[in-house]
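**Student:** Data: start-v7.txt, compact mmCIF, C-alpha atoms.
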```
# COMPACT_ATOMS: atom_id res chain seq x y z
CA MET A 254 -3.72 3.12 22.55
CA ILE A 255 -2.42 0.59 25.08
CA SER A 256 1.10 0.57 23.65
CA PHE A 257 1.36 4.34 23.11
CA LEU A 258 2.73 5.23 26.56
CA PRO A 259 5.63 2.72 26.70
CA LYS A 260 6.54 3.33 23.05
CA SER A 261 6.42 7.08 23.48
CA ILE A 262 8.60 6.98 26.61
CA PHE A 263 11.07 4.73 24.80
CA GLU A 264 11.28 7.19 21.90
CA GLN A 265 11.76 10.13 24.28
CA PHE A 266 14.72 8.51 25.96
CA ARG A 267 16.40 7.73 22.66
CA ARG A 268 17.40 11.40 22.83
CA LEU A 269 20.69 11.74 24.69
CA ALA A 270 19.69 15.07 26.28
CA ASN A 271 16.73 13.45 28.06
CA VAL A 272 18.92 10.55 29.22
CA TYR A 273 21.48 13.05 30.58
CA PHE A 274 18.94 15.03 32.64
CA LEU A 275 17.37 11.80 33.94
CA ALA A 276 20.78 10.59 35.08
CA MET A 277 21.51 13.95 36.74
CA GLY A 278 18.17 13.81 38.53
CA PHE A 279 18.95 10.28 39.75
CA LEU A 280 22.34 11.44 41.09
CA MET A 281 20.65 14.33 42.88
CA LEU A 282 18.25 11.87 44.50
CA LEU A 283 21.23 9.87 45.76
CA GLY A 284 22.86 13.03 47.12
CA THR A 285 19.64 14.10 48.85
CA TYR A 286 18.49 10.84 50.42
CA THR A 287 21.76 8.94 50.97
CA THR A 288 25.13 9.70 52.57
CA ILE A 289 27.15 8.77 49.49
CA PHE A 290 27.77 12.46 48.65
CA GLN A 291 26.30 15.90 49.19
CA THR A 292 24.35 17.86 46.54
CA PRO A 293 23.49 21.56 46.72
CA LEU A 294 20.48 21.07 44.41
CA THR A 295 17.38 18.98 44.84
CA ALA A 296 16.25 16.41 42.26
CA PHE A 297 13.03 18.41 41.86
CA SER A 298 14.93 21.22 40.09
CA THR A 299 15.91 18.79 37.29
CA LEU A 300 13.21 16.12 37.20
CA PHE A 301 10.27 18.53 37.25
CA PRO A 302 11.36 20.48 34.10
CA LEU A 303 12.25 17.15 32.46
CA THR A 304 8.76 15.83 33.21
CA ILE A 305 7.17 18.97 31.72
CA VAL A 306 9.25 18.70 28.55
CA LEU A 307 8.48 14.97 28.16
CA GLY A 308 4.78 15.55 28.81
CA ILE A 309 4.50 18.27 26.15
CA SER A 310 6.39 16.12 23.61
CA MET A 311 4.17 13.11 24.32
CA ILE A 312 1.01 15.19 23.98
CA GLN A 313 2.20 16.41 20.58
CA GLU A 314 2.95 12.83 19.50
CA ALA A 315 -0.48 11.68 20.72
CA ALA A 316 -2.21 14.43 18.71
CA THR A 317 -0.22 13.44 15.61
CA ASP A 318 -1.07 9.76 16.09
CA ILE A 319 -4.78 10.54 16.47
CA LYS A 320 -4.76 12.53 13.20
CA ARG A 321 -2.89 9.70 11.46
CA HIS A 322 -5.36 7.15 12.84
CA ARG A 323 -8.33 9.15 11.56
CA SER A 324 -6.67 9.57 8.17
CA ASP A 325 -6.02 5.82 8.01
CA ASP A 326 -9.66 5.08 8.87
CA GLU A 327 -10.86 7.46 6.16
CA THR A 328 -8.57 5.82 3.59
CA ASN A 329 -9.37 2.25 4.64
CA ASN A 330 -13.13 2.88 4.45
CA ARG A 331 -13.16 4.28 0.93
CA LEU A 332 -15.12 2.12 -1.48
CA ALA A 333 -14.05 0.29 -4.63
CA LYS A 334 -15.72 -2.22 -6.93
CA VAL A 335 -14.05 -5.63 -7.15
CA THR A 336 -14.68 -9.18 -8.33
CA SER A 337 -13.27 -11.92 -6.13
CA TRP A 338 -12.43 -15.47 -7.17
CA GLN A 339 -12.56 -18.99 -5.82
CA SER A 340 -10.94 -21.89 -7.71
CA GLY A 341 -10.71 -19.69 -10.80
CA MET A 342 -14.41 -18.80 -10.83
CA ALA A 343 -15.92 -15.40 -10.05
CA VAL A 344 -17.88 -15.64 -6.80
CA THR A 345 -18.72 -12.04 -5.95
CA SER A 346 -18.82 -8.71 -7.72
CA GLU A 347 -19.44 -6.02 -5.16
CA THR A 348 -18.36 -2.71 -3.68
CA VAL A 349 -16.00 -3.21 -0.74
CA CYS A 350 -13.83 -1.06 1.51
CA TRP A 351 -10.23 -0.52 0.46
CA ARG A 352 -9.02 -2.56 3.44
CA ASP A 353 -10.91 -5.61 2.13
CA ILE A 354 -9.26 -5.65 -1.31
CA ARG A 355 -7.10 -8.75 -1.80
CA VAL A 356 -4.38 -9.78 -4.21
CA GLY A 357 -5.97 -11.46 -7.24
CA ASN A 358 -9.20 -9.43 -7.11
CA LEU A 359 -10.40 -7.86 -10.34
CA LEU A 360 -10.50 -4.13 -9.63
CA TYR A 361 -12.71 -1.58 -11.43
CA ILE A 362 -11.54 2.07 -11.43
CA SER A 363 -13.62 5.01 -12.67
CA ASN A 364 -12.50 8.40 -13.94
CA LYS A 365 -11.00 10.67 -11.22
CA GLN A 366 -10.92 7.77 -8.77
CA PRO A 367 -7.65 7.13 -6.84
CA LEU A 368 -6.10 3.69 -6.97
CA PRO A 369 -6.49 1.64 -3.75
CA ALA A 370 -3.87 -0.96 -4.75
CA ASP A 371 -1.28 -1.76 -7.41
CA MET A 372 -2.88 -3.51 -10.37
CA VAL A 373 -2.00 -4.86 -13.80
CA ILE A 374 -4.26 -3.27 -16.43
CA LEU A 375 -6.36 -5.71 -18.45
CA ALA A 376 -8.69 -3.32 -20.28
CA SER A 377 -9.89 0.28 -20.40
CA SER A 378 -12.66 2.31 -21.99
CA GLU A 379 -10.30 3.90 -24.52
CA ASP A 380 -9.22 2.66 -27.93
CA GLU A 381 -6.19 0.34 -27.88
CA ASN A 382 -6.82 -0.15 -24.14
CA ILE A 383 -4.88 2.91 -23.06
CA CYS A 384 -5.56 5.10 -20.04
CA TYR A 385 -4.18 8.22 -18.38
CA ILE A 386 -3.16 8.72 -14.76
CA GLU A 387 -2.01 11.55 -12.52
CA THR A 388 0.88 10.61 -10.21
CA SER A 389 1.38 13.83 -8.24
CA SER A 390 1.02 11.99 -4.91
CA ILE A 391 3.74 9.53 -5.95
CA ASP A 392 6.42 11.58 -7.71
CA GLY A 393 5.08 15.15 -7.51
CA GLU A 394 4.52 15.40 -11.28
CA THR A 395 1.19 16.87 -12.34
CA ASN A 396 1.36 16.01 -16.04
CA LEU A 397 -0.74 13.04 -17.11
CA LYS A 398 1.03 9.78 -17.89
CA LEU A 399 -0.01 7.22 -20.47
CA ARG A 400 -0.54 3.63 -19.40
CA ARG A 401 -1.49 0.68 -21.57
CA ALA A 402 -3.23 -2.62 -20.87
CA ILE A 403 -1.28 -5.82 -21.45
CA SER A 404 -1.87 -7.53 -24.78
CA TYR A 405 -4.39 -9.96 -23.34
CA LEU A 406 -7.53 -8.62 -25.02
CA PRO A 407 -7.32 -7.77 -28.75
CA THR A 408 -6.41 -4.10 -29.22
CA ASP A 409 -8.05 -3.83 -32.66
CA ALA A 410 -11.49 -4.74 -31.26
CA PRO A 411 -13.78 -2.16 -29.62
CA PRO A 412 -13.36 -1.83 -25.83
CA PRO A 413 -15.63 -4.22 -23.93
CA ALA A 414 -18.90 -2.52 -23.09
CA ASP A 415 -19.48 -4.60 -19.97
CA PRO A 416 -16.87 -5.78 -17.43
CA ALA A 417 -18.75 -9.09 -17.37
CA GLU A 418 -17.13 -9.84 -20.75
CA ILE A 419 -13.70 -9.60 -19.12
CA VAL A 420 -14.80 -11.81 -16.21
CA ALA A 421 -16.07 -14.46 -18.64
CA ARG A 422 -12.80 -14.37 -20.56
CA LEU A 423 -10.78 -14.78 -17.34
CA GLU A 424 -12.95 -17.68 -16.19
CA ALA A 425 -12.39 -19.42 -19.50
CA ASP A 426 -8.62 -18.87 -19.65
CA GLN A 427 -7.74 -19.27 -15.95
CA PRO A 428 -4.66 -17.00 -16.25
CA THR A 429 -2.11 -16.38 -13.53
CA VAL A 430 0.26 -13.50 -12.78
CA LYS A 431 3.89 -13.91 -11.74
CA CYS A 432 5.69 -10.77 -10.56
CA GLU A 433 8.61 -9.52 -8.53
CA LEU A 434 8.49 -9.32 -4.75
CA PRO A 435 7.15 -6.08 -3.26
CA ASN A 436 9.65 -3.23 -3.54
CA GLY A 437 9.77 0.56 -3.57
CA ARG A 438 10.90 1.02 -7.18
CA VAL A 439 7.95 3.04 -8.50
CA GLU A 440 9.52 3.50 -11.95
CA SER A 441 9.90 -0.21 -12.77
CA PHE A 442 7.91 -3.43 -12.70
CA SER A 443 8.74 -6.93 -13.86
CA GLY A 444 6.30 -9.78 -14.28
CA THR A 445 4.37 -12.01 -16.65
CA PHE A 446 0.71 -12.71 -17.33
CA ASN A 447 0.38 -16.41 -18.11
CA VAL A 448 -2.47 -18.12 -19.95
CA PRO A 449 -2.13 -21.91 -19.36
CA GLN A 450 -3.01 -24.74 -21.69
CA HIS A 451 -6.26 -26.53 -20.99
CA GLU A 452 -5.97 -29.79 -22.83
CA ALA A 453 -4.56 -31.68 -19.87
CA GLN A 454 -6.34 -29.88 -17.03
CA THR A 455 -9.21 -27.45 -16.67
CA ALA A 456 -8.19 -25.92 -13.32
CA PRO A 457 -4.42 -25.42 -13.53
CA ASP A 458 -2.32 -25.32 -10.39
CA ILE A 459 0.26 -22.56 -10.70
CA ALA A 460 2.64 -24.41 -8.39
CA THR A 461 2.90 -27.37 -10.79
CA LEU A 462 2.89 -25.61 -14.15
CA GLN A 463 6.14 -25.54 -16.13
CA ALA A 464 7.26 -22.81 -18.52
CA ASP A 465 6.30 -24.79 -21.61
CA GLU A 466 2.78 -25.49 -20.32
CA PHE A 467 1.54 -21.96 -21.01
CA ASN A 468 -0.28 -21.16 -24.24
CA LYS A 469 0.68 -17.53 -23.88
CA VAL A 470 3.17 -15.63 -21.71
CA ILE A 471 2.60 -11.86 -21.79
CA PRO A 472 5.32 -9.63 -20.32
CA VAL A 473 4.14 -7.07 -17.79
CA GLU A 474 6.13 -3.84 -17.56
CA ASN A 475 5.79 -0.53 -15.76
CA GLU A 476 3.53 0.93 -18.46
CA ASN A 477 1.05 -1.90 -17.84
CA VAL A 478 0.68 -1.16 -14.12
CA LEU A 479 -1.35 1.38 -12.14
CA LEU A 480 0.09 2.16 -8.71
CA ARG A 481 -1.72 2.95 -5.51
CA GLY A 482 -1.94 6.71 -5.04
CA ALA A 483 -2.31 7.46 -8.74
CA VAL A 484 -5.60 8.92 -10.01
CA LEU A 485 -7.32 7.81 -13.22
CA ARG A 486 -7.86 10.77 -15.54
CA ASN A 487 -9.57 11.34 -18.91
CA THR A 488 -10.58 7.68 -18.96
CA ALA A 489 -14.10 6.46 -18.21
CA TRP A 490 -12.93 3.24 -16.57
CA ALA A 491 -10.10 0.76 -16.29
CA VAL A 492 -10.06 -2.85 -15.12
CA GLY A 493 -7.11 -4.78 -13.75
CA VAL A 494 -5.95 -7.54 -11.47
CA VAL A 495 -4.56 -6.56 -8.06
CA VAL A 496 -0.93 -7.59 -7.48
CA TYR A 497 0.06 -5.64 -4.32
CA THR A 498 -2.11 -4.33 -1.48
CA GLY A 499 -1.61 -2.44 1.78
CA LYS A 500 1.98 -2.16 2.99
CA ASP A 501 3.20 -4.21 0.01
CA THR A 502 2.24 -1.54 -2.53
CA LYS A 503 5.17 0.24 -4.14
CA LEU A 504 4.14 3.61 -2.72
CA GLN A 505 4.07 2.34 0.88
CA VAL A 506 7.34 0.41 0.55
CA HIS A 507 8.93 3.50 -1.05
CA ILE A 508 7.79 5.74 1.84
CA GLU A 509 8.92 3.34 4.56
```
Any chance you could give the structure as structure tokens?
**Tutor:**
Amino acid sequence: MISFLPKSIFEQFRRLANVYFLAMGFLMLLGTYTTIFQTPLTAFSTLFPLTIVLGISMIQEAATDIKRHRSDDETNNRLAKVTSWQSGMAVTSETVCWRDIRVGNLLYISNKQPLPADMVILASSEDENICYIETSSIDGETNLKLRRAISYLPTDAPPPADPAEIVARLEADQPTVKCELPNGRVESFSGTFNVPQHEAQTAPDIATLQADEFNKVIPVENENVLLRGAVLRNTAWAVGVVVYTGKDTKLQVHIE
């Protein structure tokens, strides 16, 4: 609110027409109140209409900003269920606002629920750990798309009945995710899901691990990722690890 007025004025005078009429008004002021030259018109005849036009434009921008602010608040205060971690151990499993979701959280999505962040799918309620999403808010397509969990949990076993089973598995394995930097390419994703060895250390440090120190390196592709803005459909639930949040999500980067 404090910065709106200077920013709005700056944006208004990025338009050459407004700069022209302001300059003409300034010249008319010089002609009226100095002896440099004579002017048949007063500055009021130019600056007053300019002020009216700028005022109306700024009011419209303020109304748009207020609507955007309210929409942002509504989105940020939606609720999602997550599990957070500390030193590789689950510390909380609770319902939090979308704005409080962090990279690395384990995110639980229910049927018909929109995605608050980009996540790598670990498991779903369906056989073979598949799920379906609607991406109309991302690419305008209304047909459902198939997504599949990474090959971390066995696909031939029944889906886990309780998310606590997945949490226990993650605590035991201490896996890490490596992925590309945030970008707006919504049709591609490149990364790996790494399960480290535990003979030498029980709490691996990702910064010191080498490529040959992983028991298992699982490739992560676009079909293994759910993007913010998509909606889970025809699937009771899906669980995944958050990789991008907020302005780093592919949808936001793509829009900006």
**Student:** Would you mind telling me which residue in A:Asp318, A:Glu418, A:Glu387, A:Asp501 lies nearest to Ala370 in chain A when using only C-alpha atoms?
**Tutor:** A:Asp501
**Student:** Name the residues in contact with Ser404 in chain A at a cut-off of 9 Å, using all atoms listed in the file, excluding same-chain residues fewer than 5 positions from it; report them as an NGL selection string.
**Tutor:** :A and (375 or 382 or 471-472)
**Student:** Skipping near chain neighbours, those fewer than 2 positions away, what residues fall within 10 Å of range 389-399 of chain A using only C-alpha atoms, listed as a compact mmCIF listing (two decimals) with C-alpha atoms, keeping the file's coordinate frame?
**Tutor:**
```txt
# COMPACT_ATOMS: atom_id res chain seq x y z
CA ILE A 383 -4.88 2.91 -23.06
CA CYS A 384 -5.56 5.10 -20.04
CA TYR A 385 -4.18 8.22 -18.38
CA ILE A 386 -3.16 8.72 -14.76
CA GLU A 387 -2.01 11.55 -12.52
CA ARG A 401 -1.49 0.68 -21.57
CA VAL A 439 7.95 3.04 -8.50
CA GLU A 440 9.52 3.50 -11.95
CA GLU A 476 3.53 0.93 -18.46
CA ASN A 477 1.05 -1.90 -17.84
CA LEU A 480 0.09 2.16 -8.71
CA ARG A 481 -1.72 2.95 -5.51
CA GLY A 482 -1.94 6.71 -5.04
CA ALA A 483 -2.31 7.46 -8.74
CA VAL A 484 -5.60 8.92 -10.01
CA LEU A 485 -7.32 7.81 -13.22
CA ARG A 486 -7.86 10.77 -15.54
CA ASN A 487 -9.57 11.34 -18.91
CA LYS A 503 5.17 0.24 -4.14
CA LEU A 504 4.14 3.61 -2.72
CA GLN A 505 4.07 2.34 0.88
CA HIS A 507 8.93 3.50 -1.05
CA ILE A 508 7.79 5.74 1.84
```
**Student:** Distance CA of Arg331 in chain A-CA of Thr388 in chain A, one decimal place?
**Tutor:**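 These two atoms are separated by 19.0 Å.
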**Student:** Kindly extract all protein, DNA and RNA residues lying within 12 Å of the coordinates (6.6, 6.3, 19.8) given in the file, considering all atoms listed in the file, and supply them as a PyMOL selection string.
**Tutor:** chain A and resi 254-267+310-315+317-318
**Student:** Find the distance between CA of Val430 in chain A and CA of Tyr361 in chain A and write it in Å to one decimal.
**Tutor:**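 Separation of CA of Val430 in chain A and CA of Tyr361 in chain A: 17.7 Å.
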**Student:** Separation of CA of Tyr497 in chain A and CA of Glu381 in chain A, in Å?
**Tutor:** 25.1 Å
**Student:** What lies within 7 Å of range 442-444 of chain A using all atoms listed in the file, ignoring chain neighbours under 3 positions off, as a list in words?
**Tutor:**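 Once the adjacent positions are removed, what remains is Lys431, Cys432, Glu433, Pro472, Val473, Glu474 and Asn475 of chain A.
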